[in-house]
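Undergrad: This is the structure I want to talk about, given as structure tokens.
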Amino acid sequence: MNLVVVGMGYVGLIAACCLANSGHHVVAVEKERAKLAVLRQGKVPFYEEKLDEILQSALKKGAITFTSSLTTALHGATTAILAVGTPSLADGRVDLSQVYAVMEEIIQNARDELIVIMKSTVPPGAGQTLSMRFLARCKVPVYYVSNPEFLREGKAVWDWYKPDRIVIGCDDQAIAQRVLELYADVDAPKVIMDVTSAEMVKYASNAFLATKISFINEIANLSELVGADIDSVASAVGMDQRIGPHFLQSGLGYGGSCFPKDTNGLDYISSFSGYRFSLLKAVIEVNVRQRIIAVRKLQEKLGRLYGRKIAVLGLAFKPGTDDIRESPALDIIKFLVDEGAIVSASDPRAVENSSPFLPGCVRLSSCPYETLTGVEAVLLATEWPLFVDLDWQKIKTLMREPFLVVDGRNALDADRLVELGYLYCGFGRTKRFTIRRG
Ligand code: UGA
């Protein structure tokens with residue numbers, strides 16, 4: 001098929017490269033000049049495992065080209081895939097201005113029958129509105145299809161080829177079947193439904209995963225009070241196949257460009273629809289509170305934060321990415337600096353991205369040992385394997401009393417750290433956090 005993919009962010013670039021590798025001809029559209037220049041050099045403008053290989057292979061096959069002009073790209077295209085940003089506005093509402101601009105350009109320039117596939121996350125009901133507002137005005141037949149994505153950053157290429165399901169929202173079965181041809185080489189359950197339901201699947205999936213995280217964080221907080229150990233609790237709870245073992249990792253909570261945006265977006269949509277989504281409101285509130293709890297743990301153990309030297313390991317919102325959007329680490333660092341702490345921070349991939357968003361006094365380094373030298377406490381904010389596997393014996397000689405480790409991801413070997421003489425403090429890891437030896 002001749003495809004146009006609009007918006008070369010995380011979703012768009014992965015879709016464009018993977019579809020090009022599957023034998024389609026892809027014209028990839030990106031308006032941002034700097035990003036376009038990087039792509040034209042055959043480079044990926046952000047860190048995503050395996051994506052550079054896929055891009056190189058697509059370029060070698062001559063199956064992908066990059067342009068800034070959607071109008072030109074539309075010539076000869078049978079399908080346009082939209083993957084432009086739909087960020088949150090201050091009140092939680094979803095900003096659809098980029099979608100509107102692209103739809104307008106499509107209807108002005110489409111010369112032949114076209115399928116428009118929406119991969120950007122848009123609120124349930126948006127597809128119907130977009131069809132009425134834009135497509136109805138087009139001179140040629142244009143069909144609207146919702147095809148939400150479930151790609152995780154850091155694992156997106158894997159998720160593209162091995163998804164749990166492919167969801168197609170379309171009111172026309174024949175068009176839905178044509179869209180499914182794009183995924184002919186992907187072995188996964190393929191489900192077809194109406195457009196609004198497909199849009200809801202995306203929000204419901206992200207909101208449910210966020211709910212699991214906030215739920216286990218509440219159980220961890222309660223475990224600390226009653227003396228239960230969250231590692232034992234979460235692993236046994238997760239053995240129930242109706243619950244499952246995933247997304248039961250307690251700690252600083254969720255960040256990133258998706259869960260915060262989509263939970264707030266769904267909350268806004270609910271309110272706008274006249275419904276109070278109480279559970280979702282609690283999920284959001286719990287997630288914000290986890291960051292404050294991390295700061296309180298540091299304060300409780302250090303006595304005060306003012307003048308204390310504290311290292312933060314991890315700036316990306318999760319391992320495997322250089323994405324810092326809504327990262328708990330950045331929020332916490334600003335909080336600590338406001339309280340007068342002297343903060344250093346490290347990340348293997350995200351130092352450059354973080355630098356413009358952090359106070360100038362924060363000492364940034366990609367070397368964790370440098371970051372940890374002379375500090376009294378460390379907060380693990382992102383569980384990069386590099387940090388989990390650090391030489392903690394050596395670090396003991398670099399750090400100062402009271403050798404406090406706040407494990408914001410419950411990822412470190414607590415028993416070993418206690419043996420080495422650290423004051424260890426996890427989230428609901430009660431059995432360890434009161435014991436101190438050495
Ligand atoms: C998420 C979804 O997992 C994808 O399916 C979806 O396509 C994507 O959002 C999106 O809407 O585009 P992503 O944001 O890349 O993907 O990250 P996740 O791996 O889901 O993690 C989200 C956050 O939850 C991270 O901050 C992570 O540290 C946190 N998390 C995850 C926990 O705190 N505990 C857990 O047990 C799992």
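Labeling convention for the structure tokens: chains A, B, ... as they appear, residues from 1 per chain, ligands from 1 in order of appearance.
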If we count only C-alpha atoms, what is near Pro141 in chain A at a cut-off of 10 Å, once residues fewer than 6 positions away on the same chain are taken out, given as a VMD selection string?
TA: chain A and resid 107 110 to 115 135
Undergrad: Range 249-266 of chain A: which residues within 8 Å, counting only C-alpha atoms, same-chain residues fewer than 6 positions away excluded, as a PyMOL selection string?
TA: chain A and resi 87-88+92-94+123+203+206-207+210+213-214+216-217+220+230+234+280+284+287-288+290-291+294+317-318+323-328+381+407-410+426-428
Undergrad: Which residues, written as a list in words, have at least one atom at most 7 Å from Gly374 in chain A, with only C-alpha atoms counted and residues fewer than 4 positions away on the same chain left out?
TA: Leu398, Met399 and Arg400 of chain A
Undergrad: Find the residues around Val362 in chain A up to 10 Å (only C-alpha atoms counted), leave out those fewer than 2 positions away in its own chain, and share them as JSON, numbers by chain.
TA: {"A": [311, 333, 334, 337, 341, 342, 343, 344, 345, 355, 358, 359, 360, 364, 365]}
Undergrad: Would you output that residue set with N, CA, C and O atoms, as a tab-separated table (two decimals), in the first residue's frame?
TA:
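Dumped everything to again-v5.tsv:
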```
chain	number	residue	atom	x	y	z
A	311	ALA	N	21.57	12.48	46.18
A	311	ALA	CA	21.71	12.08	44.77
A	311	ALA	C	20.41	11.44	44.30
A	311	ALA	O	19.75	10.72	45.05
A	333	ILE	N	13.13	16.27	42.24
A	333	ILE	CA	14.35	17.08	42.31
A	333	ILE	C	14.00	18.55	42.57
A	333	ILE	O	14.60	19.21	43.42
A	334	LYS	N	12.99	19.06	41.87
A	334	LYS	CA	12.59	20.46	42.06
A	334	LYS	C	12.11	20.68	43.50
A	334	LYS	O	12.42	21.71	44.12
A	337	VAL	N	15.16	20.74	45.79
A	337	VAL	CA	15.91	22.00	45.64
A	337	VAL	C	15.17	23.13	46.35
A	337	VAL	O	15.77	23.95	47.06
A	341	ALA	N	17.88	21.39	49.60
A	341	ALA	CA	18.83	20.29	49.47
A	341	ALA	C	19.82	20.57	48.34
A	341	ALA	O	19.52	21.33	47.41
A	342	ILE	N	21.00	19.94	48.45
A	342	ILE	CA	22.01	20.08	47.39
A	342	ILE	C	21.94	18.79	46.56
A	342	ILE	O	22.27	17.71	47.06
A	343	VAL	N	21.46	18.93	45.34
A	343	VAL	CA	21.07	17.73	44.59
A	343	VAL	C	22.01	17.47	43.40
A	343	VAL	O	22.36	18.38	42.66
A	344	SER	N	22.38	16.19	43.27
A	344	SER	CA	23.08	15.73	42.07
A	344	SER	C	22.23	14.63	41.45
A	344	SER	O	21.46	13.97	42.16
A	345	ALA	N	22.35	14.44	40.14
A	345	ALA	CA	21.49	13.44	39.50
A	345	ALA	C	22.19	12.81	38.31
A	345	ALA	O	23.05	13.44	37.67
A	355	SER	N	18.32	18.57	31.40
A	355	SER	CA	19.06	19.77	31.79
A	355	SER	C	18.25	21.08	31.67
A	355	SER	O	18.21	21.87	32.62
A	358	LEU	N	15.65	21.58	34.67
A	358	LEU	CA	16.04	21.49	36.08
A	358	LEU	C	16.75	22.76	36.52
A	358	LEU	O	17.40	23.43	35.70
A	359	PRO	N	16.66	23.11	37.82
A	359	PRO	CA	17.37	24.28	38.30
A	359	PRO	C	18.88	24.13	38.02
A	359	PRO	O	19.41	23.01	38.09
A	360	GLY	N	19.52	25.24	37.70
A	360	GLY	CA	20.94	25.22	37.33
A	360	GLY	C	21.84	24.65	38.41
A	360	GLY	O	22.95	24.18	38.13
A	364	LEU	N	24.51	17.53	37.21
A	364	LEU	CA	24.09	16.40	36.37
A	364	LEU	C	25.31	15.66	35.82
A	364	LEU	O	26.30	16.29	35.44
A	365	SER	N	25.20	14.34	35.77
A	365	SER	CA	26.30	13.56	35.22
A	365	SER	C	25.74	12.24	34.69
A	365	SER	O	24.77	11.70	35.23
```
Undergrad: Tell me which of A:Trp384, A:Phe335, A:Phe247, A:Tyr143 sits closest to Val295 in chain A, counting only C-alpha atoms.
TA: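 When distances to Val295 in chain A are compared using only C-alpha atoms, the smallest one comes from A:Phe335.
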Undergrad: Running DSSP on the backbone, which parts of range 163-386 of chain A land in strand (DSSP E or B), as a CSV table (one decimal) with all heavy atoms, in the first residue's frame?
TA:
```
chain,number,residue,atom,x,y,z
A,166,ILE,N,-4.9,-6.2,18.1
A,166,ILE,CA,-5.0,-5.0,17.2
A,166,ILE,C,-6.4,-4.6,17.2
A,166,ILE,O,-7.3,-5.5,17.0
A,166,ILE,CB,-4.5,-5.4,15.8
A,166,ILE,CG1,-3.0,-5.6,15.8
A,166,ILE,CG2,-4.8,-4.3,14.8
A,166,ILE,CD1,-2.4,-6.2,14.6
A,167,VAL,N,-6.7,-3.4,17.5
A,167,VAL,CA,-8.1,-2.9,17.6
A,167,VAL,C,-8.4,-1.9,16.4
A,167,VAL,O,-7.6,-1.0,16.1
A,167,VAL,CB,-8.3,-2.1,18.9
A,167,VAL,CG1,-9.7,-1.5,18.9
A,167,VAL,CG2,-8.1,-3.1,20.1
A,168,ILE,N,-9.4,-2.3,15.7
A,168,ILE,CA,-9.8,-1.4,14.5
A,168,ILE,C,-11.3,-0.9,14.8
A,168,ILE,O,-12.2,-1.7,15.0
A,168,ILE,CB,-9.9,-2.2,13.2
A,168,ILE,CG1,-8.5,-2.9,12.9
A,168,ILE,CG2,-10.3,-1.4,12.1
A,168,ILE,CD1,-7.4,-2.0,12.6
A,169,GLY,N,-11.4,0.4,14.9
A,169,GLY,CA,-12.7,1.0,15.0
A,169,GLY,C,-13.2,1.6,13.7
A,169,GLY,O,-12.6,2.5,13.2
A,190,LYS,N,-7.2,-9.9,16.2
A,190,LYS,CA,-7.6,-8.6,15.6
A,190,LYS,C,-9.1,-8.4,15.8
A,190,LYS,O,-9.9,-9.2,15.5
A,190,LYS,CB,-7.3,-8.7,14.1
A,190,LYS,CG,-5.8,-8.7,13.9
A,190,LYS,CD,-5.3,-9.2,12.6
A,190,LYS,CE,-3.8,-9.3,12.6
A,190,LYS,NZ,-3.2,-10.1,11.5
A,191,VAL,N,-9.4,-7.3,16.4
A,191,VAL,CA,-10.8,-7.0,16.8
A,191,VAL,C,-11.4,-5.8,16.1
A,191,VAL,O,-10.7,-4.7,16.1
A,191,VAL,CB,-11.1,-6.9,18.3
A,191,VAL,CG1,-11.1,-8.3,18.9
A,191,VAL,CG2,-10.0,-6.1,19.0
A,192,ILE,N,-12.6,-5.9,15.6
A,192,ILE,CA,-13.2,-4.8,14.9
A,192,ILE,C,-14.4,-4.4,15.7
A,192,ILE,O,-15.2,-5.2,16.2
A,192,ILE,CB,-13.6,-5.2,13.4
A,192,ILE,CG1,-12.4,-5.7,12.7
A,192,ILE,CG2,-14.3,-4.1,12.7
A,192,ILE,CD1,-12.7,-6.3,11.3
A,193,MET,N,-14.6,-3.1,15.8
A,193,MET,CA,-15.7,-2.5,16.6
A,193,MET,C,-16.0,-1.1,16.0
A,193,MET,O,-15.4,-0.7,15.1
A,193,MET,CB,-15.4,-2.4,18.1
A,193,MET,CG,-14.2,-1.6,18.4
A,193,MET,SD,-13.7,-1.7,20.1
A,193,MET,CE,-12.9,-3.3,20.1
A,229,ASP,N,4.9,-7.2,54.0
A,229,ASP,CA,6.0,-6.9,53.0
A,229,ASP,C,5.4,-6.9,51.6
A,229,ASP,O,4.9,-8.0,51.2
A,229,ASP,CB,7.1,-7.9,53.2
A,229,ASP,CG,8.2,-7.7,52.2
A,229,ASP,OD1,8.8,-6.6,52.2
A,229,ASP,OD2,8.5,-8.6,51.4
A,309,LYS,N,23.0,16.7,51.2
A,309,LYS,CA,23.5,16.4,49.9
A,309,LYS,C,22.8,15.1,49.4
A,309,LYS,O,22.9,14.0,50.1
A,309,LYS,CB,25.0,16.2,49.9
A,309,LYS,CG,25.7,17.5,50.1
A,309,LYS,CD,27.2,17.3,49.9
A,309,LYS,CE,27.9,18.7,49.9
A,309,LYS,NZ,29.2,18.7,50.3
A,310,ILE,N,22.0,15.2,48.4
A,310,ILE,CA,21.1,14.0,48.0
A,310,ILE,C,21.4,13.8,46.5
A,310,ILE,O,21.4,14.7,45.7
A,310,ILE,CB,19.6,14.4,48.2
A,310,ILE,CG1,19.4,14.6,49.7
A,310,ILE,CG2,18.8,13.2,47.7
A,310,ILE,CD1,18.0,15.2,50.0
A,311,ALA,N,21.6,12.5,46.2
A,311,ALA,CA,21.7,12.1,44.8
A,311,ALA,C,20.4,11.4,44.3
A,311,ALA,O,19.8,10.7,45.1
A,311,ALA,CB,22.8,11.1,44.6
A,312,VAL,N,20.1,11.7,43.0
A,312,VAL,CA,18.9,11.1,42.4
A,312,VAL,C,19.4,10.2,41.3
A,312,VAL,O,20.0,10.8,40.3
A,312,VAL,CB,17.8,12.1,42.0
A,312,VAL,CG1,16.7,11.4,41.2
A,312,VAL,CG2,17.3,12.9,43.2
A,313,LEU,N,19.2,8.9,41.3
A,313,LEU,CA,19.6,8.1,40.2
A,313,LEU,C,18.4,7.8,39.3
A,313,LEU,O,17.4,7.2,39.7
A,313,LEU,CB,20.1,6.7,40.7
A,313,LEU,CG,21.4,6.7,41.5
A,313,LEU,CD1,21.8,5.3,41.9
A,313,LEU,CD2,22.5,7.4,40.7
A,342,ILE,N,21.0,19.9,48.5
A,342,ILE,CA,22.0,20.1,47.4
A,342,ILE,C,21.9,18.8,46.6
A,342,ILE,O,22.3,17.7,47.1
A,342,ILE,CB,23.4,20.3,48.0
A,342,ILE,CG1,23.4,21.5,48.9
A,342,ILE,CG2,24.5,20.3,47.0
A,342,ILE,CD1,24.4,21.6,49.9
A,343,VAL,N,21.5,18.9,45.3
A,343,VAL,CA,21.1,17.7,44.6
A,343,VAL,C,22.0,17.5,43.4
A,343,VAL,O,22.4,18.4,42.7
A,343,VAL,CB,19.6,17.9,44.1
A,343,VAL,CG1,19.2,16.6,43.3
A,343,VAL,CG2,18.7,18.2,45.2
A,344,SER,N,22.4,16.2,43.3
A,344,SER,CA,23.1,15.7,42.1
A,344,SER,C,22.2,14.6,41.5
A,344,SER,O,21.5,14.0,42.2
A,344,SER,CB,24.5,15.2,42.4
A,344,SER,OG,24.4,14.2,43.4
A,345,ALA,N,22.3,14.4,40.1
A,345,ALA,CA,21.5,13.4,39.5
A,345,ALA,C,22.2,12.8,38.3
A,345,ALA,O,23.0,13.4,37.7
A,345,ALA,CB,20.2,14.1,39.0
A,346,SER,N,21.8,11.6,38.0
A,346,SER,CA,22.4,10.8,36.9
A,346,SER,C,21.4,10.0,36.1
A,346,SER,O,20.4,9.6,36.7
A,346,SER,CB,23.5,9.9,37.5
A,346,SER,OG,24.1,9.2,36.5
A,363,ARG,N,23.6,19.2,40.0
A,363,ARG,CA,24.8,18.7,39.3
A,363,ARG,C,24.4,17.5,38.5
A,363,ARG,O,24.0,16.5,39.1
A,363,ARG,CB,25.8,18.4,40.4
A,363,ARG,CG,27.3,18.2,39.9
A,363,ARG,CD,28.3,18.4,41.0
A,363,ARG,NE,27.9,17.6,42.2
A,363,ARG,CZ,28.3,16.4,42.5
A,363,ARG,NH1,29.0,15.7,41.7
A,363,ARG,NH2,28.0,15.8,43.7
A,364,LEU,N,24.5,17.5,37.2
A,364,LEU,CA,24.1,16.4,36.4
A,364,LEU,C,25.3,15.7,35.8
A,364,LEU,O,26.3,16.3,35.4
A,364,LEU,CB,23.2,16.9,35.2
A,364,LEU,CG,21.9,17.5,35.6
A,364,LEU,CD1,21.2,18.1,34.3
A,364,LEU,CD2,21.0,16.4,36.1
A,365,SER,N,25.2,14.3,35.8
A,365,SER,CA,26.3,13.6,35.2
A,365,SER,C,25.7,12.2,34.7
A,365,SER,O,24.8,11.7,35.2
A,365,SER,CB,27.3,13.3,36.3
A,365,SER,OG,28.2,12.3,35.9
A,377,ALA,N,22.5,10.8,51.0
A,377,ALA,CA,21.4,10.0,50.7
A,377,ALA,C,21.2,9.9,49.2
A,377,ALA,O,21.7,10.7,48.4
A,377,ALA,CB,20.1,10.6,51.2
A,378,VAL,N,20.6,8.7,48.8
A,378,VAL,CA,20.4,8.6,47.3
A,378,VAL,C,18.9,8.1,47.2
A,378,VAL,O,18.4,7.3,47.9
A,378,VAL,CB,21.4,7.6,46.7
A,378,VAL,CG1,21.5,6.3,47.5
A,378,VAL,CG2,21.0,7.3,45.2
A,379,LEU,N,18.3,8.6,46.1
A,379,LEU,CA,16.9,8.2,45.8
A,379,LEU,C,17.0,7.5,44.4
A,379,LEU,O,17.5,8.1,43.4
A,379,LEU,CB,16.0,9.4,45.7
A,379,LEU,CG,14.6,9.1,45.0
A,379,LEU,CD1,13.8,8.2,45.9
A,379,LEU,CD2,13.9,10.3,44.6
A,380,LEU,N,16.7,6.2,44.4
A,380,LEU,CA,16.6,5.5,43.1
A,380,LEU,C,15.2,5.9,42.5
A,380,LEU,O,14.2,5.4,43.0
A,380,LEU,CB,16.7,4.0,43.2
A,380,LEU,CG,16.6,3.3,41.8
A,380,LEU,CD1,17.9,3.4,41.1
A,380,LEU,CD2,16.2,1.8,42.0
```
Undergrad: Which residue is closest to Tyr306 in chain A? Choose from A:Glu339, A:Ile175, A:Met239, A:Val286 and count only C-alpha atoms.
TA: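 Using only C-alpha atoms, Tyr306 in chain A sits closest to A:Glu339.
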Undergrad: Would you please work out which residue, of A:Ala101, A:Val195, A:Val201, A:Ala73, is nearest to ligand 1 when using only C-alpha atoms and all ligand atoms?
TA: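 Closest to ligand 1, using only C-alpha atoms and all ligand atoms: A:Val201.
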